[in-house]
$ cat query-v2.cif   # mmCIF, C-alpha atoms
data_model
#
loop_
_atom_site.label_atom_id
_atom_site.label_comp_id
_atom_site.auth_asym_id
_atom_site.auth_seq_id
_atom_site.Cartn_x
_atom_site.Cartn_y
_atom_site.Cartn_z
CA MET A 1 138.43 74.56 33.79
CA ALA A 2 136.09 72.10 32.04
CA TYR A 3 137.08 70.27 28.86
CA THR A 4 134.43 70.31 26.15
CA VAL A 5 133.46 66.87 24.82
CA ALA A 6 131.80 65.31 21.79
CA ILE A 7 130.80 61.67 21.33
CA ALA A 8 130.68 60.41 17.76
CA GLY A 9 128.32 57.44 17.55
CA ALA A 10 126.60 58.09 20.87
CA SER A 11 123.51 56.03 20.05
CA GLY A 12 125.11 52.62 20.74
CA ASN A 13 126.00 50.72 23.91
CA VAL A 14 129.45 52.26 24.21
CA GLY A 15 128.10 55.73 23.54
CA GLY A 16 125.53 55.29 26.27
CA GLU A 17 128.17 54.19 28.75
CA LEU A 18 130.36 57.16 27.88
CA LEU A 19 127.38 59.43 28.58
CA ARG A 20 126.98 57.87 32.01
CA LEU A 21 130.66 58.28 32.84
CA ILE A 22 130.96 61.82 31.47
CA ALA A 23 127.98 62.85 33.62
CA GLU A 24 130.00 61.86 36.70
CA HIS A 25 133.24 63.57 35.63
CA PRO A 26 133.82 66.98 37.25
CA LYS A 27 136.15 68.23 34.50
CA LEU A 28 134.10 67.33 31.41
CA GLU A 29 131.34 69.32 29.73
CA LEU A 30 129.39 67.41 27.09
CA LYS A 31 128.53 69.61 24.11
CA THR A 32 127.71 67.31 21.19
CA VAL A 33 126.43 63.80 20.52
CA THR A 34 126.28 62.46 16.97
CA ALA A 35 124.66 59.44 15.36
CA SER A 36 123.66 58.12 11.97
CA SER A 37 120.16 56.63 11.91
CA MET A 38 119.02 58.44 15.08
CA VAL A 39 119.72 62.01 13.94
CA GLY A 40 117.10 64.37 15.37
CA GLU A 41 116.08 62.01 18.19
CA LYS A 42 116.61 62.83 21.85
CA VAL A 43 119.18 60.98 23.95
CA SER A 44 116.37 59.94 26.30
CA SER A 45 114.88 57.77 23.54
CA LEU A 46 117.87 55.40 23.75
CA HIS A 47 119.62 56.18 27.05
CA PRO A 48 116.97 56.99 29.66
CA ASN A 49 119.43 56.05 32.43
CA VAL A 50 121.34 59.34 31.90
CA PRO A 51 118.64 61.94 32.67
CA VAL A 52 121.09 64.85 32.81
CA TYR A 53 121.47 64.55 29.02
CA ALA A 54 117.87 63.55 28.27
CA ASP A 55 117.15 66.58 26.08
CA PHE A 56 120.35 66.41 24.04
CA VAL A 57 119.56 65.70 20.39
CA PHE A 58 121.65 63.41 18.18
CA ALA A 59 123.30 65.52 15.48
CA GLU A 60 124.65 64.33 12.15
CA ASN A 61 128.07 62.76 12.38
CA ASN A 62 130.16 65.21 10.34
CA ALA A 63 133.31 67.29 10.58
CA GLU A 64 131.49 70.51 11.39
CA ASN A 65 129.64 69.06 14.38
CA LEU A 66 132.79 67.49 15.86
CA ALA A 67 135.04 70.52 15.40
CA GLY A 68 136.09 72.77 18.26
CA HIS A 69 135.83 70.27 21.13
CA ASP A 70 138.75 69.58 23.46
CA VAL A 71 138.01 65.83 23.60
CA VAL A 72 136.29 63.61 21.04
CA PHE A 73 135.29 60.01 21.78
CA LEU A 74 134.74 57.76 18.76
CA ALA A 75 132.14 55.09 19.56
CA LEU A 76 131.83 53.93 15.97
CA PRO A 77 131.83 50.59 14.14
CA HIS A 78 135.20 49.18 13.10
CA SER A 79 136.66 50.89 10.01
CA LYS A 80 134.54 54.02 10.53
CA SER A 81 136.81 55.64 13.13
CA ALA A 82 139.70 56.09 10.72
CA GLU A 83 137.49 58.09 8.35
CA VAL A 84 136.15 60.33 11.12
CA ALA A 85 139.58 60.81 12.68
CA GLU A 86 140.75 62.50 9.49
CA TRP A 87 138.22 65.28 10.10
CA LEU A 88 139.67 66.19 13.50
CA SER A 89 142.33 68.69 14.48
CA PRO A 90 145.73 67.51 15.77
CA ASP A 91 145.05 69.67 18.82
CA GLN A 92 141.97 67.67 19.81
CA LEU A 93 142.37 64.68 22.14
CA VAL A 94 140.73 61.79 20.29
CA LEU A 95 139.93 58.41 21.83
CA ASP A 96 138.84 55.59 19.55
CA CYS A 97 136.75 52.94 21.30
CA GLY A 98 136.85 50.77 18.18
CA ALA A 99 139.66 48.66 16.76
CA ASP A 100 140.94 50.86 13.95
CA PHE A 101 144.16 52.01 15.63
CA ARG A 102 144.96 49.22 18.12
CA LEU A 103 147.13 46.90 16.05
CA GLU A 104 150.76 47.57 15.21
CA SER A 105 150.97 44.89 12.52
CA GLU A 106 149.48 45.70 9.12
CA ALA A 107 149.47 41.97 8.33
CA ASP A 108 147.41 41.19 11.43
CA TRP A 109 144.94 43.95 10.56
CA LYS A 110 144.44 42.62 7.05
CA LYS A 111 144.09 39.02 8.27
CA PHE A 112 141.54 39.67 11.02
CA TYR A 113 139.73 42.82 9.83
CA GLY A 114 140.46 43.24 6.13
CA GLY A 115 140.95 46.47 4.25
CA GLU A 116 143.67 49.05 4.75
CA HIS A 117 145.47 49.46 8.07
CA ALA A 118 144.83 53.01 9.33
CA GLY A 119 147.87 53.17 11.61
CA THR A 120 148.57 52.80 15.31
CA TRP A 121 147.69 55.16 18.15
CA THR A 122 148.92 55.19 21.75
CA TYR A 123 147.39 52.18 23.45
CA GLY A 124 144.96 52.97 26.25
CA MET A 125 145.71 50.34 28.89
CA PRO A 126 147.66 52.19 31.61
CA GLU A 127 148.46 49.06 33.65
CA LEU A 128 149.90 47.04 30.76
CA LEU A 129 153.40 45.74 31.59
CA ILE A 130 155.66 46.66 28.68
CA GLY A 131 159.07 45.45 29.93
CA ASN A 132 161.90 46.81 32.04
CA ASP A 133 159.54 47.55 34.97
CA ARG A 134 157.60 49.99 32.78
CA LYS A 135 153.88 50.34 32.25
CA GLN A 136 151.88 51.73 29.36
CA ARG A 137 150.66 54.78 31.34
CA GLU A 138 153.96 56.59 30.82
CA LEU A 139 153.27 56.58 27.06
CA LEU A 140 149.81 58.10 27.54
CA LYS A 141 151.03 61.36 29.05
CA ASP A 142 150.35 64.30 26.71
CA THR A 143 149.34 62.10 23.78
CA LYS A 144 146.55 63.32 21.48
CA ARG A 145 145.46 60.01 19.96
CA ILE A 146 144.45 56.99 22.05
CA ALA A 147 143.28 53.53 20.95
CA VAL A 148 141.04 52.10 23.68
CA PRO A 149 141.58 48.32 24.17
CA GLY A 150 139.08 45.61 23.34
CA CYS A 151 137.03 44.37 26.30
CA ASN A 152 137.97 40.68 25.95
CA VAL A 153 141.56 41.77 25.48
CA THR A 154 141.54 43.62 28.79
CA ALA A 155 140.27 40.64 30.78
CA ILE A 156 142.92 38.32 29.33
CA THR A 157 145.85 40.74 29.27
CA LEU A 158 145.54 41.95 32.85
CA ALA A 159 145.04 38.40 34.12
CA LEU A 160 148.18 36.94 32.54
CA ALA A 161 150.71 39.74 32.01
CA PRO A 162 152.44 39.54 35.42
CA GLY A 163 153.13 35.82 35.08
CA LEU A 164 154.58 36.25 31.62
CA ALA A 165 156.69 39.25 32.63
CA ALA A 166 158.15 37.30 35.56
CA GLY A 167 158.69 34.11 33.55
CA LEU A 168 156.34 32.00 35.68
CA ILE A 169 154.31 30.68 32.76
CA GLU A 170 155.04 29.59 29.21
CA PRO A 171 154.23 32.04 26.38
CA GLU A 172 152.80 29.26 24.21
CA ASP A 173 149.75 27.06 24.75
CA ILE A 174 147.77 29.77 26.54
CA VAL A 175 144.02 29.11 26.61
CA ALA A 176 141.31 31.64 27.45
CA ILE A 177 137.57 30.90 27.69
CA LEU A 178 135.42 33.98 28.26
CA SER A 179 131.79 34.29 29.28
CA ALA A 180 130.63 37.69 28.00
CA GLY A 181 127.51 39.79 28.44
CA THR A 182 125.34 40.62 25.46
CA SER A 183 126.16 44.35 25.55
CA GLY A 184 129.60 43.49 24.22
CA ALA A 185 128.05 42.27 20.98
CA GLY A 186 126.55 45.68 20.18
CA ARG A 187 122.97 46.92 20.29
CA GLY A 188 121.90 45.38 16.98
CA ALA A 189 123.56 42.03 17.60
CA THR A 190 122.08 41.84 21.08
CA GLU A 191 118.56 42.45 19.83
CA LYS A 192 119.01 39.85 17.06
CA LEU A 193 120.34 37.27 19.52
CA PHE A 194 117.31 37.53 21.77
CA GLU A 195 114.97 37.24 18.80
CA ILE A 196 116.26 33.73 18.17
CA GLU A 197 117.53 32.57 21.58
CA PRO A 198 115.66 32.52 24.88
CA THR A 199 117.20 34.00 28.00
CA GLY A 200 119.26 31.41 29.81
CA SER A 201 121.13 30.44 26.65
CA ALA A 202 124.91 30.40 26.15
CA ASN A 203 126.50 30.49 22.70
CA ALA A 204 130.14 30.14 21.66
CA TYR A 205 130.96 32.46 18.78
CA GLN A 206 133.86 33.20 16.45
CA VAL A 207 135.23 29.78 17.36
CA GLY A 208 138.53 28.44 16.05
CA GLY A 209 141.02 31.26 16.51
CA ILE A 210 139.18 33.75 14.29
CA HIS A 211 138.06 36.32 16.86
CA ARG A 212 139.40 39.76 15.95
CA HIS A 213 140.75 40.37 19.44
CA THR A 214 143.27 37.53 19.07
CA PRO A 215 146.15 39.56 17.55
CA GLU A 216 145.62 42.39 20.03
CA ILE A 217 145.89 39.97 22.96
CA GLU A 218 149.08 38.47 21.55
CA GLN A 219 150.49 41.93 20.83
CA ASN A 220 149.96 42.99 24.46
CA LEU A 221 151.23 39.84 26.10
CA ALA A 222 154.31 39.73 23.85
CA LYS A 223 155.30 43.09 25.29
CA SER A 224 154.97 41.71 28.82
CA ALA A 225 156.74 38.45 28.06
CA GLY A 226 159.44 39.77 25.74
CA ALA A 227 158.61 36.79 23.53
CA LYS A 228 156.12 35.66 20.91
CA ILE A 229 152.76 34.62 22.34
CA GLN A 230 150.36 31.92 21.20
CA ILE A 231 146.80 31.91 22.53
CA SER A 232 143.63 29.95 21.89
CA PHE A 233 140.74 32.26 22.73
CA THR A 234 137.03 31.37 22.67
CA PRO A 235 134.28 33.78 23.75
CA ILE A 236 130.87 32.59 24.94
CA LEU A 237 127.88 34.92 24.81
CA VAL A 238 125.72 34.38 27.90
CA SER A 239 122.40 35.88 28.86
CA MET A 240 123.59 38.64 31.14
CA GLU A 241 123.67 42.25 30.04
CA ARG A 242 127.09 43.33 31.31
CA GLY A 243 130.34 41.72 32.30
CA ILE A 244 133.11 39.36 31.25
CA LEU A 245 134.44 36.42 33.22
CA ALA A 246 137.71 35.22 31.70
CA VAL A 247 139.16 31.87 32.72
CA ASN A 248 142.76 31.88 31.48
CA THR A 249 145.20 29.00 31.78
CA ALA A 250 148.88 28.62 30.89
CA LYS A 251 151.54 25.97 31.39
CA LEU A 252 153.71 26.47 34.45
CA ARG A 253 157.45 26.87 34.35
CA PRO A 254 159.46 24.88 36.92
CA GLY A 255 159.43 26.33 40.41
CA THR A 256 156.16 28.24 40.07
CA THR A 257 153.97 27.93 43.15
CA LEU A 258 150.72 29.60 44.11
CA GLU A 259 152.52 31.55 46.80
CA LEU A 260 155.06 32.85 44.28
CA ALA A 261 152.29 33.69 41.80
CA HIS A 262 150.47 35.80 44.38
CA LYS A 263 153.71 37.55 45.24
CA VAL A 264 154.34 38.41 41.58
CA TRP A 265 150.78 39.54 40.78
CA ASN A 266 150.61 41.67 43.93
CA ALA A 267 153.95 43.26 43.10
CA ALA A 268 152.70 44.10 39.60
CA TYR A 269 149.34 45.49 40.68
CA GLY A 270 149.78 46.45 44.34
CA GLY A 271 149.85 50.15 43.53
CA GLU A 272 146.99 50.07 41.03
CA GLN A 273 143.67 51.66 41.95
CA PHE A 274 141.56 49.65 39.52
CA ILE A 275 143.03 46.13 39.78
CA LYS A 276 142.49 43.84 42.76
CA VAL A 277 144.16 40.45 43.24
CA TYR A 278 142.12 38.14 45.47
CA GLU A 279 143.72 36.08 48.20
CA ALA A 280 144.29 32.38 47.62
CA GLY A 281 141.09 30.36 47.29
CA LYS A 282 138.89 33.31 46.31
CA PHE A 283 137.70 34.23 42.84
CA PRO A 284 135.71 37.12 41.38
CA SER A 285 132.31 37.17 39.74
CA THR A 286 130.94 39.60 37.19
CA ALA A 287 128.41 40.83 39.75
CA ASP A 288 131.33 42.27 41.73
CA THR A 289 132.24 44.59 38.84
CA ILE A 290 128.93 46.00 37.60
CA GLY A 291 129.31 49.65 36.69
CA GLU A 292 132.83 49.90 38.09
CA ASN A 293 136.20 50.50 36.47
CA ASN A 294 137.79 47.49 38.16
CA ALA A 295 139.53 44.30 37.07
CA LEU A 296 139.30 41.57 39.71
CA ILE A 297 141.71 38.63 39.53
CA GLY A 298 141.84 35.26 41.30
CA LEU A 299 144.69 32.76 40.94
CA ALA A 300 145.01 28.99 41.29
CA ILE A 301 147.43 26.20 40.39
CA ASP A 302 146.00 23.17 38.59
CA GLU A 303 148.51 20.57 39.79
CA HIS A 304 146.88 17.80 37.76
CA ALA A 305 147.40 19.65 34.47
CA ASP A 306 150.48 21.62 35.61
CA ARG A 307 148.84 24.90 34.66
CA LEU A 308 148.22 28.29 36.19
CA VAL A 309 144.60 29.43 36.27
CA ALA A 310 143.96 33.19 36.31
CA VAL A 311 140.31 34.23 36.55
CA CYS A 312 139.49 37.84 35.74
CA ALA A 313 136.16 39.66 35.98
CA ILE A 314 135.43 43.06 34.48
CA ASP A 315 132.44 45.10 33.37
CA ASN A 316 132.90 45.06 29.59
CA LEU A 317 131.37 48.53 29.22
CA VAL A 318 133.50 50.18 31.93
CA LYS A 319 136.97 48.72 32.47
CA GLY A 320 136.46 46.99 29.13
CA THR A 321 135.66 50.18 27.21
CA GLY A 322 134.25 53.46 28.58
CA GLY A 323 136.11 53.46 31.88
CA ALA A 324 139.37 52.60 30.14
CA ALA A 325 138.77 55.54 27.81
CA ILE A 326 138.15 57.96 30.69
CA GLN A 327 141.13 56.62 32.68
CA SER A 328 143.45 57.05 29.69
CA MET A 329 141.99 60.46 28.90
CA ASN A 330 142.70 61.60 32.47
CA ILE A 331 146.36 60.65 32.09
CA ALA A 332 146.66 62.38 28.72
CA LEU A 333 145.12 65.57 30.12
CA GLY A 334 147.30 65.54 33.25
CA LEU A 335 144.33 64.91 35.57
CA PRO A 336 144.42 62.47 38.50
CA GLU A 337 143.90 59.06 36.96
CA GLU A 338 140.86 58.26 39.09
CA THR A 339 138.96 61.48 38.30
CA GLY A 340 135.30 60.70 37.62
CA LEU A 341 135.79 56.95 38.13
CA THR A 342 135.29 56.46 41.86
CA THR A 343 131.52 57.12 42.13
CA ILE A 344 130.15 55.32 39.07
CA SER A 345 129.01 51.92 40.37
CA LEU A 346 125.61 50.52 39.46
CA SER A 347 123.32 48.31 41.48
CA LYS A 348 123.01 44.73 40.30
CA ASN A 349 119.84 45.56 38.38
CA GLY A 350 121.75 48.14 36.32
CA SER A 351 120.40 51.32 37.88
CA LYS A 352 122.45 53.80 39.83
#
$ encode --input "query-v2.cif" --output "structure tokens"
Amino acid sequence: MAYTVAIAGASGNVGGELLRLIAEHPKLELKTVTASSMVGEKVSSLHPNVPVYADFVFAENNAENLAGHDVVFLALPHSKSAEVAEWLSPDQLVLDCGADFRLESEADWKKFYGGEHAGTWTYGMPELLIGNDRKQRELLKDTKRIAVPGCNVTAITLALAPGLAAGLIEPEDIVAILSAGTSGAGRGATEKLFEIEPTGSANAYQVGGIHRHTPEIEQNLAKSAGAKIQISFTPILVSMERGILAVNTAKLRPGTTLELAHKVWNAAYGGEQFIKVYEAGKFPSTADTIGENNALIGLAIDEHADRLVAVCAIDNLVKGTGGAAIQSMNIALGLPEETGLTTISLSKNGSK
């Protein structure tokens, strides 16, 4: 049996990545792609890397065109998903790749996004440690509404959660500096950046604790730690198309050693298909993740500053967005979690 699929907002970077992943999934049958400004254009005009869907035409994003599908992916700008979600049947599995349903706190939503809080859906990070030796995947089974995590959030959360859950690091004074590929800024923002900045440039943005992913990161890590979290998070846009390299540091608690840290991280992630913890002295690069649904983590102890360093690399469009959506969808549908995610890697130039 194949599940019929629609993508709302398929013209953007996330929509294009979902097309690539759906093409590799043996249980999904794409029926509809919608857009706003690109209505009537062929998929090939924006996403030539997915030739199997080249002749699909972007339809208007409306209730009629999204009705009747088993699965609907929302690849829409923030605040637009909530409106579209109201059109959809409770029987449809809906996955929002935007932020509209990620936050549990109405106050945090109003502070960082503004406007009305649309509510909270089941969070789509299966490996998230949520206390009492439980992980988020158990909450994804049979759900019909899934909020896909933010890409920066994924790289920070997965890197630090085991140490917080085990009490190896302090929940306050956490610092994360992320180098992120331009695709994470969206198609329009990426094009604008390269109009004014040459390749080879790096630019810090949303500096000073104002990035919208901040409350989501703290929400996740508080569940792992069982305590309030405080993080200083600064993203840096660098001239690579895909990938995030997150360098996360936190103050050590007494007795924490590198050997103990590796033991704890390996215990947390040893059974996970899509998370790899490197051996001592080795660290990941974004090139190791291109096109794959993997989070790669390297650990160190900064004895001079008495801090743990957890380096995490992901592909922001796969493990950071589209792959996380497919992985969570698989769980919700009762499919093997890895279905469609084991043959999706890209070469380093971005072609399959």
$ residues_around --input "query-v2.cif" --residues "segment 130-138 of chain A" --least-positions-apart "6" --cutoff "10 Å" --atoms "all atoms listed in the file" --output "PyMOL selection string"
chain A and resi 122-124+161+165-166+220-226+268+327-328+331-332+337
$ resolve_selection --input "query-v2.cif" --expression "the PyMOL selection byres ((chain A and resi 11) around 10)" --output "list in words"
Ile7, Ala8, Gly9, Ala10, Gly12, Asn13, Val14, Gly15, Gly16, Leu19, Val33, Thr34, Ala35, Ser36, Ser37, Met38, Val39, Glu41, Lys42, Val43, Ser45, Leu46, His47, Phe58, Ala75, Leu76 and Arg187 of chain A
$ closest_residue --input "query-v2.cif" --among "A:Ala324, A:Leu341, A:Ala176, A:Leu237" --to "Pro126 of chain A" --atoms "all atoms listed in the file"
A:Ala324
$ resolve_selection --input "query-v2.cif" --expression "the PyMOL selection byres ((chain A and resi 111-119) around 7)" --output "list in words"
Ala82, Asp100, Phe101, Glu106, Ala107, Asp108, Trp109, Lys110, Thr120, Trp121 and Arg212 of chain A
$ atom_distance --input "query-v2.cif" --atom1 "atom CA of Arg307 of chain A" --atom2 "atom CA of Ile169 of chain A"
8.2 Å
